[in-house]
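Structure data (mmCIF, C-alpha atoms and all ligand atoms) from entry_9.cif:
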data_upload
loop_
_atom_site.label_atom_id
_atom_site.label_comp_id
_atom_site.auth_asym_id
_atom_site.auth_seq_id
_atom_site.Cartn_x
_atom_site.Cartn_y
_atom_site.Cartn_z
CA MET A 1 18.80 -20.69 19.49
CA ASP A 2 19.87 -23.93 21.17
CA LEU A 3 22.75 -25.94 19.82
CA PHE A 4 20.65 -28.64 18.15
CA GLU A 5 18.51 -26.00 16.41
CA LEU A 6 21.72 -24.46 15.11
CA CYS A 7 22.95 -27.87 13.87
CA LYS A 8 19.66 -28.26 11.98
CA LYS A 9 19.72 -24.74 10.55
CA VAL A 10 23.24 -24.92 9.09
CA PRO A 11 23.40 -26.00 5.41
CA LYS A 12 25.14 -29.37 5.49
CA VAL A 13 27.24 -31.67 3.33
CA GLU A 14 26.85 -35.46 3.74
CA LEU A 15 29.40 -37.73 2.06
CA HIS A 16 28.92 -41.18 3.60
CA ALA A 17 25.32 -42.48 3.49
CA HIS A 18 24.41 -46.04 2.46
CA LEU A 19 21.06 -45.92 0.69
CA ASN A 20 19.46 -49.03 2.20
CA GLY A 21 20.89 -48.27 5.63
CA SER A 22 19.32 -44.81 5.43
CA LEU A 23 15.69 -45.99 5.16
CA SER A 24 13.73 -44.58 8.09
CA GLU A 25 10.90 -46.47 9.79
CA LYS A 26 8.52 -44.09 8.01
CA THR A 27 9.98 -45.04 4.63
CA LEU A 28 9.76 -48.74 5.44
CA THR A 29 6.13 -48.24 6.40
CA THR A 30 5.44 -46.49 3.10
CA LEU A 31 7.03 -49.31 1.13
CA ASP A 32 5.08 -52.46 0.54
CA VAL A 33 6.80 -54.30 3.40
CA PRO A 34 5.21 -57.41 4.94
CA GLN A 35 4.23 -56.53 8.50
CA HIS A 36 6.45 -59.15 10.15
CA LEU A 37 9.54 -57.70 8.46
CA LEU A 38 8.67 -54.20 9.61
CA GLU A 39 8.12 -55.37 13.18
CA GLY A 40 11.44 -57.22 13.06
CA TYR A 41 13.18 -54.06 11.84
CA GLN A 42 11.64 -51.95 14.60
CA ILE A 43 12.68 -54.40 17.30
CA ILE A 44 16.26 -54.64 16.10
CA ASN A 45 16.43 -50.90 15.45
CA ASN A 46 15.34 -50.10 19.01
CA LEU A 47 17.75 -52.68 20.36
CA ALA A 48 20.58 -51.16 18.38
CA VAL A 49 19.74 -47.71 19.66
CA THR A 50 19.71 -48.64 23.32
CA THR A 51 22.30 -51.41 23.45
CA PRO A 52 25.72 -51.24 21.85
CA GLU A 53 25.67 -54.16 19.45
CA LYS A 54 28.63 -55.89 17.92
CA LEU A 55 29.43 -55.00 14.32
CA ASN A 56 28.21 -58.33 12.92
CA GLU A 57 24.84 -57.89 14.68
CA CYS A 58 24.42 -54.52 12.92
CA PHE A 59 25.03 -56.17 9.57
CA LYS A 60 21.99 -58.44 10.03
CA LEU A 61 19.77 -55.33 9.87
CA PHE A 62 20.49 -54.67 6.20
CA LYS A 63 18.65 -57.80 5.07
CA ILE A 64 15.35 -56.25 6.18
CA ALA A 65 15.89 -53.08 4.17
CA HIS A 66 16.99 -55.16 1.18
CA ASP A 67 13.76 -57.16 1.31
CA ALA A 68 11.87 -53.86 1.28
CA THR A 69 13.64 -52.59 -1.85
CA ALA A 70 13.59 -55.68 -4.06
CA SER A 71 11.83 -54.08 -7.05
CA VAL A 72 12.45 -51.15 -9.38
CA ASN A 73 9.53 -49.22 -7.93
CA SER A 74 10.45 -49.79 -4.28
CA ILE A 75 14.11 -48.80 -4.69
CA TYR A 76 12.95 -45.70 -6.60
CA VAL A 77 10.45 -44.72 -3.88
CA ALA A 78 13.01 -45.48 -1.15
CA THR A 79 15.61 -43.23 -2.83
CA LYS A 80 13.08 -40.38 -3.15
CA HIS A 81 12.28 -40.66 0.58
CA VAL A 82 15.91 -40.77 1.68
CA ILE A 83 16.78 -37.69 -0.40
CA GLU A 84 13.76 -35.81 0.92
CA GLU A 85 14.68 -36.60 4.53
CA PHE A 86 18.24 -35.36 4.08
CA TYR A 87 16.87 -32.24 2.35
CA LYS A 88 14.48 -31.57 5.25
CA ASP A 89 17.49 -31.79 7.57
CA ASN A 90 19.08 -28.97 5.51
CA VAL A 91 21.59 -31.15 3.70
CA ILE A 92 22.33 -29.23 0.50
CA TYR A 93 24.88 -31.63 -0.98
CA LEU A 94 24.50 -35.39 -0.60
CA GLU A 95 26.55 -38.33 -1.78
CA LEU A 96 24.50 -41.49 -1.59
CA ARG A 97 26.15 -44.86 -2.02
CA THR A 98 24.55 -48.19 -2.80
CA THR A 99 25.45 -51.73 -3.85
CA PRO A 100 23.70 -52.58 -7.16
CA ARG A 101 21.50 -55.63 -6.53
CA GLN A 102 19.92 -58.13 -8.85
CA GLU A 103 16.52 -59.46 -7.73
CA SER A 104 14.02 -61.82 -9.37
CA ASN A 105 12.27 -58.89 -11.11
CA MET A 106 15.15 -56.44 -11.45
CA THR A 107 18.61 -56.39 -13.02
CA LYS A 108 21.54 -54.47 -11.53
CA GLU A 109 21.25 -52.00 -14.41
CA GLU A 110 17.57 -51.41 -13.62
CA TYR A 111 18.41 -50.96 -9.93
CA ILE A 112 20.99 -48.26 -10.74
CA ALA A 113 18.69 -46.56 -13.28
CA ALA A 114 15.88 -46.34 -10.70
CA VAL A 115 18.19 -44.69 -8.15
CA VAL A 116 19.52 -42.29 -10.82
CA ARG A 117 15.94 -41.36 -11.82
CA ALA A 118 15.07 -40.46 -8.22
CA ILE A 119 18.26 -38.37 -7.99
CA GLU A 120 17.55 -36.55 -11.28
CA GLU A 121 14.05 -35.67 -10.09
CA SER A 122 15.49 -34.02 -6.97
CA LYS A 123 17.98 -31.76 -8.73
CA ASP A 124 15.95 -28.55 -8.35
CA PHE A 125 16.24 -28.57 -4.57
CA ILE A 126 19.35 -30.61 -3.62
CA THR A 127 22.56 -31.72 -5.33
CA VAL A 128 22.91 -35.50 -5.08
CA LYS A 129 25.71 -37.66 -6.48
CA LEU A 130 25.89 -41.43 -6.55
CA ILE A 131 28.70 -43.73 -5.45
CA LEU A 132 28.30 -47.39 -6.39
CA SER A 133 29.56 -49.93 -3.89
CA ILE A 134 31.38 -53.21 -4.32
CA ASP A 135 30.68 -55.62 -1.46
CA ARG A 136 33.93 -57.04 -0.05
CA ARG A 137 32.16 -60.34 0.67
CA HIS A 138 31.60 -60.97 -3.05
CA SER A 139 33.93 -63.15 -5.11
CA MET A 140 36.30 -61.67 -7.70
CA GLU A 141 34.00 -62.94 -10.46
CA VAL A 142 30.84 -61.38 -9.01
CA SER A 143 32.67 -58.11 -8.29
CA LYS A 144 34.17 -57.98 -11.79
CA ASN A 145 30.70 -58.39 -13.26
CA ALA A 146 29.41 -55.61 -10.95
CA LEU A 147 32.28 -53.35 -12.00
CA ASN A 148 31.53 -53.85 -15.70
CA ILE A 149 27.93 -52.79 -15.08
CA ILE A 150 29.05 -49.82 -12.95
CA LEU A 151 31.40 -48.62 -15.73
CA GLU A 152 28.64 -48.98 -18.32
CA MET A 153 26.20 -46.98 -16.18
CA HIS A 154 28.89 -44.39 -15.41
CA GLU A 155 29.19 -43.74 -19.16
CA MET A 156 25.41 -43.26 -19.36
CA TYR A 157 25.13 -40.97 -16.30
CA PRO A 158 28.56 -39.31 -15.86
CA ASP A 159 27.09 -36.27 -14.08
CA ILE A 160 25.48 -38.37 -11.37
CA ILE A 161 27.59 -41.50 -10.91
CA LYS A 162 30.85 -40.14 -9.56
CA GLY A 163 32.56 -42.80 -7.53
CA ILE A 164 33.01 -46.35 -6.35
CA ASP A 165 33.18 -47.65 -2.78
CA LEU A 166 34.34 -50.83 -1.06
CA CYS A 167 31.98 -51.75 1.76
CA GLY A 168 30.47 -54.77 3.52
CA ASP A 169 31.20 -56.71 6.70
CA PRO A 170 34.88 -55.93 7.44
CA SER A 171 35.38 -59.30 9.13
CA GLN A 172 34.77 -61.04 5.82
CA GLY A 173 35.94 -60.89 2.20
CA THR A 174 38.73 -58.91 0.61
CA PHE A 175 39.88 -55.78 -1.24
CA HIS A 176 40.20 -56.68 -4.94
CA GLU A 177 42.66 -53.88 -5.73
CA ASN A 178 42.80 -54.56 -9.48
CA LEU A 179 39.13 -53.73 -9.88
CA PHE A 180 39.62 -50.38 -8.17
CA ILE A 181 42.59 -49.59 -10.41
CA GLU A 182 40.32 -50.22 -13.38
CA ALA A 183 37.59 -48.01 -11.88
CA ARG A 184 40.08 -45.21 -11.26
CA ASN A 185 41.41 -45.45 -14.81
CA SER A 186 37.83 -45.06 -16.05
CA GLY A 187 37.46 -41.74 -14.24
CA LEU A 188 35.63 -42.82 -11.08
CA LYS A 189 36.65 -41.42 -7.68
CA ILE A 190 37.45 -44.01 -5.03
CA THR A 191 36.44 -44.33 -1.39
CA LEU A 192 37.27 -47.43 0.67
CA HIS A 193 35.89 -48.56 4.04
CA CYS A 194 39.26 -48.86 5.73
CA GLY A 195 40.37 -50.16 9.13
CA GLU A 196 36.91 -50.58 10.67
CA ILE A 197 38.44 -53.48 12.60
CA LYS A 198 42.10 -54.30 13.11
CA ASN A 199 43.66 -55.51 9.85
CA ASP A 200 47.08 -53.85 9.53
CA GLN A 201 48.00 -55.56 6.29
CA GLU A 202 44.84 -54.48 4.49
CA VAL A 203 45.02 -50.92 5.85
CA LEU A 204 48.60 -50.73 4.56
CA GLN A 205 47.51 -51.97 1.13
CA MET A 206 44.64 -49.48 1.03
CA LEU A 207 46.74 -46.49 2.08
CA LYS A 208 49.38 -47.36 -0.50
CA PHE A 209 46.64 -47.52 -3.12
CA LYS A 210 45.82 -43.86 -2.27
CA PRO A 211 42.02 -43.70 -2.53
CA ASP A 212 40.41 -40.25 -2.79
CA ARG A 213 38.77 -40.78 0.62
CA ILE A 214 38.53 -43.50 3.25
CA GLY A 215 35.53 -44.50 5.38
CA HIS A 216 35.90 -44.79 9.18
CA GLY A 217 39.70 -45.22 9.50
CA THR A 218 39.16 -46.56 13.01
CA CYS A 219 42.20 -48.85 13.46
CA ILE A 220 44.99 -46.73 11.99
CA HIS A 221 46.31 -44.68 14.92
CA PRO A 222 48.36 -46.66 17.49
CA ASN A 223 45.96 -45.57 20.29
CA TYR A 224 43.11 -47.23 18.36
CA GLU A 225 44.54 -50.63 17.48
CA GLY A 226 46.54 -49.34 14.52
CA SER A 227 50.30 -48.78 14.55
CA ASP A 228 52.93 -46.05 14.34
CA GLU A 229 53.80 -47.20 10.83
CA LEU A 230 50.19 -46.95 9.59
CA TRP A 231 49.60 -43.58 11.21
CA LYS A 232 52.81 -42.18 9.73
CA LEU A 233 51.80 -43.37 6.29
CA TYR A 234 48.25 -42.03 6.71
CA LYS A 235 49.51 -38.64 7.87
CA SER A 236 51.81 -38.31 4.86
CA SER A 237 48.94 -39.15 2.48
CA SER A 238 46.42 -36.65 3.90
CA ILE A 239 43.47 -38.65 2.57
CA PRO A 240 40.19 -37.22 3.92
CA THR A 241 38.43 -39.61 6.31
CA GLU A 242 34.65 -40.02 6.50
CA CYS A 243 33.93 -40.32 10.25
CA CYS A 244 30.63 -41.84 11.42
CA LEU A 245 30.26 -41.33 15.17
CA THR A 246 26.94 -42.97 16.06
CA SER A 247 27.55 -45.88 13.71
CA ASN A 248 30.86 -46.62 15.46
CA VAL A 249 29.41 -46.23 18.96
CA LEU A 250 26.42 -48.51 18.24
CA CYS A 251 28.50 -51.10 16.39
CA GLY A 252 30.91 -51.14 19.32
CA THR A 253 34.05 -50.21 17.33
CA THR A 254 34.33 -47.05 19.49
CA SER A 255 33.56 -47.05 23.22
CA THR A 256 32.02 -43.56 23.51
CA TYR A 257 31.52 -40.40 21.43
CA SER A 258 34.12 -38.51 23.41
CA LYS A 259 36.75 -41.21 22.87
CA HIS A 260 36.13 -41.40 19.12
CA HIS A 261 39.27 -41.63 16.99
CA THR A 262 38.35 -38.32 15.26
CA ARG A 263 40.22 -36.81 18.24
CA GLU A 264 43.50 -37.85 16.61
CA TRP A 265 42.48 -36.16 13.33
CA LEU A 266 41.74 -32.95 15.23
CA GLN A 267 44.97 -33.17 17.18
CA ASP A 268 47.07 -33.55 14.02
CA GLU A 269 44.88 -31.25 11.88
CA LEU A 270 44.09 -33.96 9.36
CA PRO A 271 41.16 -33.82 6.90
CA PHE A 272 37.90 -35.44 7.97
CA CYS A 273 34.15 -35.03 7.70
CA ILE A 274 31.26 -36.15 9.91
CA ASN A 275 28.62 -38.48 8.44
CA THR A 276 25.57 -40.60 9.22
CA ASP A 277 26.61 -43.94 7.59
CA ASP A 278 23.16 -45.57 8.02
CA LYS A 279 20.73 -43.02 9.43
CA GLY A 280 17.79 -45.48 9.41
CA VAL A 281 19.54 -48.37 11.10
CA PHE A 282 21.21 -46.12 13.68
CA ASN A 283 18.26 -43.75 14.06
CA THR A 284 20.33 -40.61 13.48
CA SER A 285 20.59 -37.58 11.14
CA ALA A 286 23.27 -35.28 9.74
CA SER A 287 22.31 -32.65 12.36
CA GLU A 288 22.52 -35.13 15.23
CA GLU A 289 25.96 -36.28 14.13
CA LEU A 290 27.21 -32.68 14.15
CA LEU A 291 25.69 -32.19 17.60
CA HIS A 292 27.56 -35.26 18.91
CA ALA A 293 30.78 -33.95 17.38
CA ILE A 294 30.43 -30.47 18.91
CA GLU A 295 29.39 -31.75 22.33
CA ASN A 296 31.98 -34.50 22.65
CA LEU A 297 35.05 -33.39 20.73
CA ASN A 298 35.52 -29.95 22.22
CA LEU A 299 34.74 -28.04 19.02
CA PRO A 300 33.64 -24.40 18.62
CA LYS A 301 30.18 -23.56 17.22
CA THR A 302 31.78 -22.23 14.02
CA PHE A 303 32.82 -25.83 13.31
CA LEU A 304 29.25 -26.37 12.07
CA ILE A 305 29.57 -24.15 9.00
CA ASP A 306 33.32 -24.67 8.60
CA HIS A 307 32.65 -28.41 8.45
CA SER A 308 30.38 -27.92 5.41
CA LEU A 309 33.04 -25.73 3.78
CA SER A 310 35.76 -28.35 4.22
CA ALA A 311 33.56 -31.37 3.41
CA ILE A 312 32.59 -29.85 0.05
CA GLU A 313 36.32 -29.77 -0.83
CA TYR A 314 36.42 -33.56 -0.43
CA ALA A 315 33.25 -34.15 -2.49
CA PHE A 316 33.27 -36.10 -5.76
CA ALA A 317 31.25 -33.51 -7.75
CA SER A 318 32.90 -31.47 -10.53
CA GLU A 319 35.08 -28.51 -9.52
CA LYS A 320 32.47 -26.17 -11.01
CA GLU A 321 29.63 -27.63 -8.92
CA LYS A 322 31.78 -27.58 -5.80
CA MET A 323 32.69 -23.93 -6.36
CA LYS A 324 29.01 -22.99 -6.66
CA ILE A 325 28.16 -24.74 -3.39
CA LYS A 326 31.20 -23.25 -1.67
CA GLU A 327 30.12 -19.74 -2.70
CA PHE A 328 26.63 -20.42 -1.33
CA LEU A 329 28.10 -21.63 1.97
CA MET A 330 30.43 -18.63 2.26
CA ASP A 331 27.52 -16.25 1.65
CA TRP A 332 25.44 -18.11 4.22
CA LYS A 333 28.26 -17.86 6.74
CA LYS A 334 28.60 -14.12 6.17
CA GLN A 335 24.86 -13.51 6.50
CA ASN A 336 24.50 -15.67 9.60
CA GLN A 337 27.65 -14.68 11.49
CA GLY A 338 25.48 -13.55 14.41
CA LEU A 339 24.30 -17.11 15.06
CA PHE A 340 27.84 -18.10 15.93
CA ASN A 341 28.60 -15.09 18.11
CA GLU A 342 25.59 -15.31 20.42
CA THR A 343 25.88 -17.47 23.53
CA VAL A 344 24.36 -20.83 22.80
CA SER A 345 22.05 -22.27 25.42
CA LYS A 346 21.84 -26.05 25.51
P1 LIG B 401 23.12 -50.59 0.24
O1 LIG B 401 24.49 -50.72 -0.37
O2 LIG B 401 22.34 -49.41 -0.26
O3 LIG B 401 22.34 -51.89 0.10
O4 LIG B 401 23.31 -50.31 1.80
C1 LIG B 401 23.51 -51.31 2.77
C2 LIG B 401 24.88 -51.94 2.63
O5 LIG B 401 25.90 -50.99 2.95
C3 LIG B 401 25.14 -53.09 3.63
O6 LIG B 401 24.67 -54.30 3.15
C4 LIG B 401 26.66 -53.07 3.76
O7 LIG B 401 27.27 -53.84 2.75
C5 LIG B 401 27.02 -51.63 3.54
N1 LIG B 401 27.33 -50.94 4.80
C6 LIG B 401 26.52 -50.16 5.54
N2 LIG B 401 27.15 -49.70 6.63
C7 LIG B 401 28.41 -50.19 6.56
C8 LIG B 401 29.56 -50.05 7.40
O8 LIG B 401 29.59 -49.38 8.44
N3 LIG B 401 30.67 -50.72 7.01
C9 LIG B 401 30.72 -51.46 5.86
N4 LIG B 401 29.67 -51.59 5.06
C10 LIG B 401 28.52 -50.97 5.41
ZN ZN B 402 29.72 -47.11 5.71
#

Mind converting the file's structure to structure tokens?
Amino acid sequence: MDLFELCKKVPKVELHAHLNGSLSEKTLTTLDVPQHLLEGYQIINNLAVTTPEKLNECFKLFKIAHDATASVNSIYVATKHVIEEFYKDNVIYLELRTTPRQESNMTKEEYIAAVVRAIEESKDFITVKLILSIDRRHSMEVSKNALNIILEMHEMYPDIIKGIDLCGDPSQGTFHENLFIEARNSGLKITLHCGEIKNDQEVLQMLKFKPDRIGHGTCIHPNYEGSDELWKLYKSSSIPTECCLTSNVLCGTTSTYSKHHTREWLQDELPFCINTDDKGVFNTSASEELLHAIENLNLPKTFLIDHSLSAIEYAFASEKEKMKIKEFLMDWKKQNQGLFNETVSK
């Protein structure tokens, strides 16, 4: 079995996937998208795949997906498709994240309910949890209103809505820490996009806040535009980092896969997991991300299944659900030991 086949076969855990960034071309075609928007998406998508674009260029892509999911029905259909695609890639546990959006025919509550409905309908074949995002570009007032809605919906769907995220263009906006304190006190887990670009003061504030996980963590280590002080603090906190290789390479925050900052996490044996970020925009998959990791970061084949076993530890599901998935993964590892012993041909 070649290495990519093995990456596909392994049961996987995905913890950092933005819903609207995960819409594949096929999904956009299925949705009632005006043709000119679809063509625009394809052109930019292909450009992004072949040419390393700057981070702010990547952010322009999300507008197209947002136009395609501007109704209750389209966000529901889009969620169903995204879940199915991860499932077909052998992802057994998925944490989807999305920023609740109000549109002319849809409230933020309706948006969240539609995503939850699609998740509930998938529960027989894949475990999916939802993280709701706050966009750092939004004002305190808008974000406070979003948080109130998120807390209300969390009370209605506590088994599905598990966490809150801070995302959005890192060159803009701010981290409204008070809102995240409130979210934490209400029982939500916290993940923050942290240090995607150099911003020592904000990284310091975020690390001191002690989120349950961070996204990217690019500019923390001194070799990657961070500092000794930040790295020391990060190391003492041991917060798991959600690494997104292709996203960083295509957005230009990392020069190549083999120079990705995950190397420092491996060197110092710090907790991390490998993720897609926006599999539609960056034309990738959970299996492809693992392949890039194995091929470029000098990792053994067993990393594939051991990665799932460690990532599930960092998941926001209940301890009982995590234990069940862990047992499944351990059984799978035992039964498929041979796959990791045989010589892999590329
Ligand atoms: P949505 O929240 O489901 O609409 O997914 C798209 C949104 O995710 C974008 O508008 C961004 O705010 C956010 N996002 C996607 N990728 C990144 C990233 O790499 N850094 C920060 N925010 C991101
Ligand atoms: Zn992200």

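If all atoms listed in the file are the atoms counted, then among A:Ile239, A:Val116, A:Val91, A:Leu192 the closest residue to Lys12 (chain A) is A:Val91.
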
Give as a ChimeraX atom specification the residues surrounding ligand LIG 401 (chain B) up to a distance of 8 Å, considering only C-alpha atoms and all ligand atoms.
/A:18-22,59,62-63,65-66,97-101,132-133,135-136,166-170,193,196,216,247-248,277-278

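The interatomic distance for the pair CA of Pro271 (chain A) and CA of Leu309 (chain A) works out to 11.9 Å.
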
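CA of Leu339 (chain A) is positioned 28.4 Å from CA of Val82 (chain A).
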
Applying 12 Å and all atoms listed in the file, which residues near Asn298 (chain A) remain after dropping the ones on its own chain fewer than 6 positions away? List them as a ChimeraX atom specification.
/A:257-260,262-263,266-267,290-292

What residues have an atom no more than 10 Å from (35.8, -48.6, 18.1) in the file's own frame, counting only C-alpha atoms, and can you write them as a VMD selection string?
chain A and resid 55 196 to 198 216 218 to 219 224 to 225 245 247 to 257 259 to 261

If we draw a sphere of 12 Å around (18.1, -34.3, -7.9), which residues have at least one atom in it when counting all atoms listed in the file? Please report them as a ChimeraX atom specification.
/A:79-80,82-84,87,92-96,115-130,159-160

Shortest interatomic distance to ligand ZN 402 (chain B) - which of A:Lys88, A:His16, A:Lys9, A:Lys324, counting all atoms listed in the file:
A:His16

Tell me, as a list in words, which residues lie within 12 Å of Leu204 (chain A), counting all atoms listed in the file; anything in the same chain fewer than 6 positions away does not count.
Phe175, Cys194, Gly195, Lys198, Lys210, Pro211, Gly217, Cys219, Ile220, Gly226, Ser227, Asp228, Glu229, Leu230, Trp231, Lys232, Leu233, Tyr234 and Ser237 of chain A

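Of note, CA of Ser104 (chain A) and CA of Val281 (chain A) are spaced 25.1 Å apart.
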
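Counting all atoms listed in the file, the residue from A:Lys279, A:Lys26, A:Lys333, A:Lys322 that sits nearest to ligand ZN 402 (chain B) is A:Lys279.
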
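Distances from A:Cys244, A:Met156, A:Ile149, A:Ala311 to ligand ZN 402 (chain B) were compared using only C-alpha atoms and all ligand atoms, and the smallest one belongs to A:Cys244.
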
If we count all atoms listed in the file and set the cut-off at 7 Å, which residues sit around Arg137 (chain A), ignoring sequence neighbours fewer than 3 positions away in its own chain? Please answer as a list in words.
Gly168, Gln172, Gly173 and Thr174 of chain A

Could you name the residues that touch region 299-303 of chain A at 10 Å or less, counting only C-alpha atoms, but leaving out those on the same chain fewer than 2 positions away, as an NGL selection string?
:A and (3 or 6-7 or 266 or 290-291 or 293-297 or 305-310 or 333 or 337 or 339-344)

Next, write the just-selected residues to a file, as a PDB file, keeping the file's coordinate frame, keeping C-alpha atoms as the atom set.
ATOM      1  CA  LEU A   3      22.750 -25.940  19.820  1.00  0.00           C
ATOM      2  CA  LEU A   6      21.720 -24.460  15.110  1.00  0.00           C
ATOM      3  CA  CYS A   7      22.950 -27.870  13.870  1.00  0.00           C
ATOM      4  CA  LEU A 266      41.740 -32.950  15.230  1.00  0.00           C
ATOM      5  CA  LEU A 290      27.210 -32.680  14.150  1.00  0.00           C
ATOM      6  CA  LEU A 291      25.690 -32.190  17.600  1.00  0.00           C
ATOM      7  CA  ALA A 293      30.780 -33.950  17.380  1.00  0.00           C
ATOM      8  CA  ILE A 294      30.430 -30.470  18.910  1.00  0.00           C
ATOM      9  CA  GLU A 295      29.390 -31.750  22.330  1.00  0.00           C
ATOM     10  CA  ASN A 296      31.980 -34.500  22.650  1.00  0.00           C
ATOM     11  CA  LEU A 297      35.050 -33.390  20.730  1.00  0.00           C
ATOM     12  CA  ILE A 305      29.570 -24.150   9.000  1.00  0.00           C
ATOM     13  CA  ASP A 306      33.320 -24.670   8.600  1.00  0.00           C
ATOM     14  CA  HIS A 307      32.650 -28.410   8.450  1.00  0.00           C
ATOM     15  CA  SER A 308      30.380 -27.920   5.410  1.00  0.00           C
ATOM     16  CA  LEU A 309      33.040 -25.730   3.780  1.00  0.00           C
ATOM     17  CA  SER A 310      35.760 -28.350   4.220  1.00  0.00           C
ATOM     18  CA  LYS A 333      28.260 -17.860   6.740  1.00  0.00           C
ATOM     19  CA  GLN A 337      27.650 -14.680  11.490  1.00  0.00           C
ATOM     20  CA  LEU A 339      24.300 -17.110  15.060  1.00  0.00           C
ATOM     21  CA  PHE A 340      27.840 -18.100  15.930  1.00  0.00           C
ATOM     22  CA  ASN A 341      28.600 -15.090  18.110  1.00  0.00           C
ATOM     23  CA  GLU A 342      25.590 -15.310  20.420  1.00  0.00           C
ATOM     24  CA  THR A 343      25.880 -17.470  23.530  1.00  0.00           C
ATOM     25  CA  VAL A 344      24.360 -20.830  22.800  1.00  0.00           C
TER      26      VAL A 344
END

N, CA, C and O atoms of region 14-25 of chain A, written as a PDB file, in the first residue's frame:
ATOM      1  N   GLU A  14     -10.102  15.351  13.009  1.00  0.00           N
ATOM      2  CA  GLU A  14      -9.878  16.698  12.445  1.00  0.00           C
ATOM      3  C   GLU A  14     -10.449  17.734  13.413  1.00  0.00           C
ATOM      4  O   GLU A  14     -11.639  17.704  13.736  1.00  0.00           O
ATOM      5  N   LEU A  15      -9.588  18.637  13.874  1.00  0.00           N
ATOM      6  CA  LEU A  15     -10.028  19.586  14.913  1.00  0.00           C
ATOM      7  C   LEU A  15     -10.096  21.038  14.457  1.00  0.00           C
ATOM      8  O   LEU A  15     -10.569  21.891  15.209  1.00  0.00           O
ATOM      9  N   HIS A  16      -9.592  21.343  13.266  1.00  0.00           N
ATOM     10  CA  HIS A  16      -9.580  22.758  12.851  1.00  0.00           C
ATOM     11  C   HIS A  16     -10.050  22.860  11.398  1.00  0.00           C
ATOM     12  O   HIS A  16      -9.251  22.791  10.457  1.00  0.00           O
ATOM     13  N   ALA A  17     -11.376  22.979  11.233  1.00  0.00           N
ATOM     14  CA  ALA A  17     -11.964  23.071   9.883  1.00  0.00           C
ATOM     15  C   ALA A  17     -13.057  24.141   9.896  1.00  0.00           C
ATOM     16  O   ALA A  17     -14.075  23.992  10.575  1.00  0.00           O
ATOM     17  N   HIS A  18     -12.817  25.227   9.152  1.00  0.00           N
ATOM     18  CA  HIS A  18     -13.832  26.293   9.031  1.00  0.00           C
ATOM     19  C   HIS A  18     -14.879  25.841   8.014  1.00  0.00           C
ATOM     20  O   HIS A  18     -14.525  25.481   6.882  1.00  0.00           O
ATOM     21  N   LEU A  19     -16.130  25.871   8.415  1.00  0.00           N
ATOM     22  CA  LEU A  19     -17.196  25.341   7.569  1.00  0.00           C
ATOM     23  C   LEU A  19     -17.195  25.961   6.160  1.00  0.00           C
ATOM     24  O   LEU A  19     -17.111  25.238   5.160  1.00  0.00           O
ATOM     25  N   ASN A  20     -17.279  27.280   6.080  1.00  0.00           N
ATOM     26  CA  ASN A  20     -17.383  27.890   4.743  1.00  0.00           C
ATOM     27  C   ASN A  20     -16.088  27.795   3.946  1.00  0.00           C
ATOM     28  O   ASN A  20     -16.118  27.809   2.711  1.00  0.00           O
ATOM     29  N   GLY A  21     -14.965  27.660   4.626  1.00  0.00           N
ATOM     30  CA  GLY A  21     -13.702  27.464   3.924  1.00  0.00           C
ATOM     31  C   GLY A  21     -13.544  26.028   3.449  1.00  0.00           C
ATOM     32  O   GLY A  21     -12.664  25.718   2.658  1.00  0.00           O
ATOM     33  N   SER A  22     -14.401  25.139   3.948  1.00  0.00           N
ATOM     34  CA  SER A  22     -14.294  23.717   3.605  1.00  0.00           C
ATOM     35  C   SER A  22     -15.175  23.320   2.414  1.00  0.00           C
ATOM     36  O   SER A  22     -15.185  22.155   2.029  1.00  0.00           O
ATOM     37  N   LEU A  23     -15.912  24.271   1.841  1.00  0.00           N
ATOM     38  CA  LEU A  23     -16.815  23.914   0.732  1.00  0.00           C
ATOM     39  C   LEU A  23     -16.004  23.590  -0.519  1.00  0.00           C
ATOM     40  O   LEU A  23     -15.261  24.433  -1.020  1.00  0.00           O
ATOM     41  N   SER A  24     -16.165  22.373  -1.020  1.00  0.00           N
ATOM     42  CA  SER A  24     -15.445  21.978  -2.229  1.00  0.00           C
ATOM     43  C   SER A  24     -16.127  22.582  -3.452  1.00  0.00           C
ATOM     44  O   SER A  24     -17.268  23.049  -3.376  1.00  0.00           O
ATOM     45  N   GLU A  25     -15.446  22.544  -4.575  1.00  0.00           N
ATOM     46  CA  GLU A  25     -16.033  23.020  -5.837  1.00  0.00           C
ATOM     47  C   GLU A  25     -17.329  22.279  -6.121  1.00  0.00           C
ATOM     48  O   GLU A  25     -18.309  22.867  -6.572  1.00  0.00           O
TER      49      GLU A  25
END
